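Asker: This is structure09.txt, which holds compact mmCIF, C-alpha atoms:
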```
# COMPACT_ATOMS: atom_id res chain seq x y z
CA MET A 1 65.39 131.29 103.78
CA THR A 2 62.88 131.71 106.57
CA SER A 3 59.15 131.49 106.06
CA ARG A 4 58.86 135.22 105.35
CA TRP A 5 61.50 135.06 102.63
CA ASP A 6 60.95 131.48 101.54
CA VAL A 7 62.86 130.79 98.33
CA GLU A 8 61.50 127.27 97.95
CA ARG A 9 58.25 128.66 96.58
CA PHE A 10 60.31 129.78 93.56
CA GLY A 11 61.79 126.32 93.07
CA ILE A 12 65.09 127.17 94.75
CA GLY A 13 66.64 124.84 97.29
CA PRO A 14 70.11 124.33 98.71
CA MET A 15 72.19 121.49 97.26
CA ALA A 16 74.64 119.33 99.15
CA THR A 17 77.37 119.24 96.52
CA PRO A 18 78.46 121.45 93.62
CA ARG A 19 77.81 118.59 91.19
CA GLN A 20 74.09 118.95 91.86
CA ALA A 21 73.93 122.77 91.90
CA ASP A 22 73.43 125.24 89.10
CA VAL A 23 73.67 128.57 90.98
CA LEU A 24 76.68 129.60 93.05
CA LEU A 25 76.06 132.30 95.64
CA VAL A 26 79.27 134.07 96.65
CA THR A 27 78.66 136.07 99.82
CA GLY A 28 81.12 138.27 101.65
CA TYR A 29 84.71 139.08 100.88
CA VAL A 30 86.88 136.58 99.02
CA SER A 31 90.36 135.80 100.31
CA LEU A 32 93.06 134.02 98.31
CA LYS A 33 92.38 130.84 100.25
CA THR A 34 88.65 131.08 99.54
CA LEU A 35 89.20 131.87 95.86
CA LYS A 36 90.84 128.47 95.30
CA ARG A 37 87.76 126.76 96.67
CA ILE A 38 85.34 128.97 94.74
CA ILE A 39 87.13 128.16 91.47
CA ARG A 40 87.15 124.43 92.27
CA THR A 41 83.45 124.53 93.15
CA TYR A 42 82.60 126.51 90.01
CA GLU A 43 84.49 124.11 87.78
CA GLN A 44 82.78 121.08 89.36
CA MET A 45 79.30 122.45 88.73
CA PRO A 46 77.55 121.03 85.64
CA GLU A 47 76.49 123.34 82.83
CA PRO A 48 74.43 125.46 82.69
CA LYS A 49 75.65 127.29 85.79
CA TRP A 50 75.27 130.81 87.10
CA VAL A 51 76.99 132.98 89.72
CA LEU A 52 75.45 135.60 92.01
CA ALA A 53 77.88 137.84 93.88
CA PHE A 54 76.50 139.43 97.06
CA GLY A 55 77.49 142.83 98.33
CA SER A 56 80.34 145.19 97.72
CA CYS A 57 82.87 142.75 99.15
CA THR A 58 82.86 140.54 96.05
CA VAL A 59 83.01 143.54 93.72
CA ASN A 60 85.66 145.75 95.33
CA GLY A 61 86.79 143.97 98.50
CA GLY A 62 84.48 145.93 100.81
CA ILE A 63 86.15 147.20 103.96
CA TYR A 64 89.14 144.94 103.23
CA TRP A 65 89.82 146.51 99.81
CA ASP A 66 93.42 147.36 100.74
CA SER A 67 94.32 143.98 102.22
CA TYR A 68 97.05 141.87 100.64
CA ASN A 69 94.88 138.79 100.98
CA THR A 70 91.55 140.02 99.58
CA ILE A 71 90.31 139.65 96.02
CA THR A 72 88.89 142.96 94.82
CA ASN A 73 86.98 141.81 91.72
CA LEU A 74 85.57 138.29 91.56
CA ALA A 75 84.56 138.74 87.91
CA GLU A 76 88.24 138.61 86.89
CA TYR A 77 88.50 135.00 88.11
CA ILE A 78 85.08 133.50 87.34
CA PRO A 79 82.21 135.01 85.35
CA VAL A 80 79.52 136.66 87.46
CA ASP A 81 75.97 136.82 86.11
CA ILE A 82 74.43 139.15 88.70
CA THR A 83 75.88 141.33 91.42
CA VAL A 84 73.52 142.10 94.30
CA SER A 85 74.21 145.48 95.86
CA GLY A 86 74.27 146.13 99.58
CA CYS A 87 76.47 145.07 102.43
CA MET A 88 74.92 142.60 103.18
CA PRO A 89 71.97 142.82 100.83
CA ARG A 90 68.46 142.76 102.20
CA PRO A 91 66.35 139.64 101.61
CA GLU A 92 64.23 141.57 99.12
CA ALA A 93 67.32 142.32 97.03
CA VAL A 94 68.36 138.67 97.05
CA MET A 95 64.88 137.54 96.01
CA ASP A 96 64.83 140.19 93.28
CA ALA A 97 68.24 139.05 92.02
CA LEU A 98 67.09 135.43 91.88
CA GLN A 99 63.92 136.41 90.01
CA THR A 100 65.99 138.55 87.63
CA LEU A 101 68.30 135.60 87.04
CA MET A 102 65.29 133.39 86.26
CA LYS A 103 64.07 135.94 83.71
CA MET A 104 67.55 136.19 82.20
CA ILE A 105 67.74 132.41 81.90
CA GLN A 106 64.33 132.21 80.24
CA SER A 107 65.24 134.94 77.75
CA GLY A 108 68.68 133.47 77.07
CA GLU A 109 70.63 136.46 78.42
CA ALA A 110 72.32 134.61 81.30
CA GLY A 111 75.24 132.79 79.75
CA ALA A 112 78.37 133.83 81.61
CA TYR A 113 79.44 130.19 81.88
CA LYS A 114 79.84 130.19 78.07
CA LYS A 115 82.13 133.20 78.44
CA TYR A 116 84.27 131.17 80.86
CA LYS A 117 84.76 128.43 78.25
CA GLU A 118 85.46 130.89 75.44
CA ASN A 119 87.92 132.99 77.47
CA TYR A 120 89.37 130.23 79.64
CA GLU A 121 92.97 131.38 79.04
CA TYR A 122 92.11 134.89 80.32
CA TYR A 123 90.46 133.58 83.48
CA LYS A 124 93.18 130.97 84.05
CA ALA A 125 95.94 133.60 83.67
CA ASN A 126 94.22 135.82 86.24
CA GLN A 127 93.74 132.86 88.58
CA ASP A 128 97.37 131.76 88.27
CA ARG A 129 98.65 135.32 88.71
CA VAL A 130 96.88 135.81 92.02
CA LEU A 131 97.13 132.24 93.32
CA LYS A 132 100.91 132.10 92.90
CA LYS A 133 100.97 134.21 96.07
CA THR A 134 99.84 131.11 97.98
CA VAL A 135 102.82 128.95 96.92
CA PRO A 136 105.32 128.39 99.76
CA ILE A 137 108.29 130.74 99.47
CA LEU A 138 110.99 128.26 100.43
CA GLY A 139 109.82 125.71 97.89
CA GLN A 140 110.62 122.68 100.05
CA THR A 141 108.53 120.92 102.59
CA PRO A 142 109.93 120.34 106.08
CA LYS A 143 110.13 116.60 105.31
CA ASN A 144 112.51 117.28 102.40
CA ASP A 145 114.61 119.55 104.58
CA LEU A 146 114.96 116.81 107.20
CA GLU A 147 115.87 114.19 104.62
CA GLY A 148 118.54 116.50 103.19
CA LYS A 149 120.06 117.07 106.65
CA ASN A 150 120.12 113.31 107.37
CA GLU A 151 121.94 112.65 104.11
CA ASP A 152 124.47 115.37 104.92
CA ALA A 153 125.02 113.87 108.37
CA LYS A 154 125.73 110.40 106.84
CA GLU A 155 128.46 111.77 104.60
```
Produce structure tokens that represent the structure in this file.

Answerer:
Amino acid sequence: MTSRWDVERFGIGPMATPRQADVLLVTGYVSLKTLKRIIRTYEQMPEPKWVLAFGSCTVNGGIYWDSYNTITNLAEYIPVDITVSGCMPRPEAVMDALQTLMKMIQSGEAGAYKKYKENYEYYKANQDRVLKKTVPILGQTPKNDLEGKNEDAKE
């Protein structure tokens, strides 16, 4: 967003919170921990909303494609309007993707957020399937374990 590649001349500016934004830029690889936050951010954004995925990392995991903790296809968890190729994409590619998105919005082609509402069960099932890996294995918090031991000691 420097002066040479100034996006503000196209009416694009960063927003402080997701409730004020309408475009979500997902850059780099997505881990399980990050996916939770991306989903929360996406769901907090008001409609209409659009998603741009940058680079091969968001499409196939990039160099971490074989990692247990990396999401290999972001479009299975939230709808992606445009994928920008390159790792990391050049500024020209990002500007072109944003201009393409603007044209798609004006022509009515960009409506992946509608797909999210229509196929919510599909997206939610995919999200739950992958996010259940982040649930603690033991199922109890250390506080509960300590309380259980204190009760056993009293008996």

Asker: When you count all atoms listed in the file, which of these residues is closest to Val30 of chain A: A:Leu52, A:Ile63, A:Ile82, A:Ile71?

Answerer: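 That would be A:Ile71, the residue with the smallest distance to Val30 of chain A.
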
Asker: Which residues, written as a list of chain:residue names, have at least one atom at most 7 Å from Asp81 of chain A, with all atoms listed in the file counted and residues fewer than 6 positions away on the same chain left out?

Answerer: A:Trp50, A:Val51, A:Leu52, A:Ala110, A:Ala112

Asker: Need the neighbours of (75.3, 136.6, 92.6): which residues are at most 12 Å away, counting all atoms listed in the file, as JSON, numbers by chain?

Answerer: {"A": [23, 24, 25, 26, 27, 28, 49, 50, 51, 52, 53, 54, 55, 56, 57, 58, 59, 74, 75, 78, 79, 80, 81, 82, 83, 84, 85, 86, 89, 93, 94, 95, 96, 97, 98, 99, 100, 101, 110, 112]}

Asker: Okay, now the selection with C-alpha atoms, as a tab-separated table (two decimals), in the coordinates of the input?

Answerer:
```tsv
chain	number	residue	atom	x	y	z
A	23	VAL	CA	73.67	128.57	90.98
A	24	LEU	CA	76.68	129.60	93.05
A	25	LEU	CA	76.06	132.30	95.64
A	26	VAL	CA	79.27	134.07	96.65
A	27	THR	CA	78.66	136.07	99.82
A	28	GLY	CA	81.12	138.27	101.65
A	49	LYS	CA	75.65	127.29	85.79
A	50	TRP	CA	75.27	130.81	87.10
A	51	VAL	CA	76.99	132.98	89.72
A	52	LEU	CA	75.45	135.60	92.01
A	53	ALA	CA	77.88	137.84	93.88
A	54	PHE	CA	76.50	139.43	97.06
A	55	GLY	CA	77.49	142.83	98.33
A	56	SER	CA	80.34	145.19	97.72
A	57	CYS	CA	82.87	142.75	99.15
A	58	THR	CA	82.86	140.54	96.05
A	59	VAL	CA	83.01	143.54	93.72
A	74	LEU	CA	85.57	138.29	91.56
A	75	ALA	CA	84.56	138.74	87.91
A	78	ILE	CA	85.08	133.50	87.34
A	79	PRO	CA	82.21	135.01	85.35
A	80	VAL	CA	79.52	136.66	87.46
A	81	ASP	CA	75.97	136.82	86.11
A	82	ILE	CA	74.43	139.15	88.70
A	83	THR	CA	75.88	141.33	91.42
A	84	VAL	CA	73.52	142.10	94.30
A	85	SER	CA	74.21	145.48	95.86
A	86	GLY	CA	74.27	146.13	99.58
A	89	PRO	CA	71.97	142.82	100.83
A	93	ALA	CA	67.32	142.32	97.03
A	94	VAL	CA	68.36	138.67	97.05
A	95	MET	CA	64.88	137.54	96.01
A	96	ASP	CA	64.83	140.19	93.28
A	97	ALA	CA	68.24	139.05	92.02
A	98	LEU	CA	67.09	135.43	91.88
A	99	GLN	CA	63.92	136.41	90.01
A	100	THR	CA	65.99	138.55	87.63
A	101	LEU	CA	68.30	135.60	87.04
A	110	ALA	CA	72.32	134.61	81.30
A	112	ALA	CA	78.37	133.83	81.61
```

Asker: What's the separation between atom CA of Tyr77 of chain A and atom CA of Gly61 of chain A, in Å to one decimal place?

Answerer: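 Atom-to-atom, atom CA of Tyr77 of chain A to atom CA of Gly61 of chain A, that is 13.8 Å.
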
Asker: Which residue out of A:Arg9, A:Arg19, A:Lys33, A:Arg90 has the minimum interatomic distance to Lys133 of chain A when all atoms listed in the file are used?

Answerer: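 Checking each of A:Arg9, A:Arg19, A:Lys33, A:Arg90 against Lys133 of chain A, counting all atoms listed in the file, the winner is A:Lys33.
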
Asker: Near Gln44 of chain A, within 12 Å and counting only C-alpha atoms, which residues show up once chain neighbours fewer than 6 positions away are dropped, as a ChimeraX atom specification?

Answerer: /A:17-24,37-38
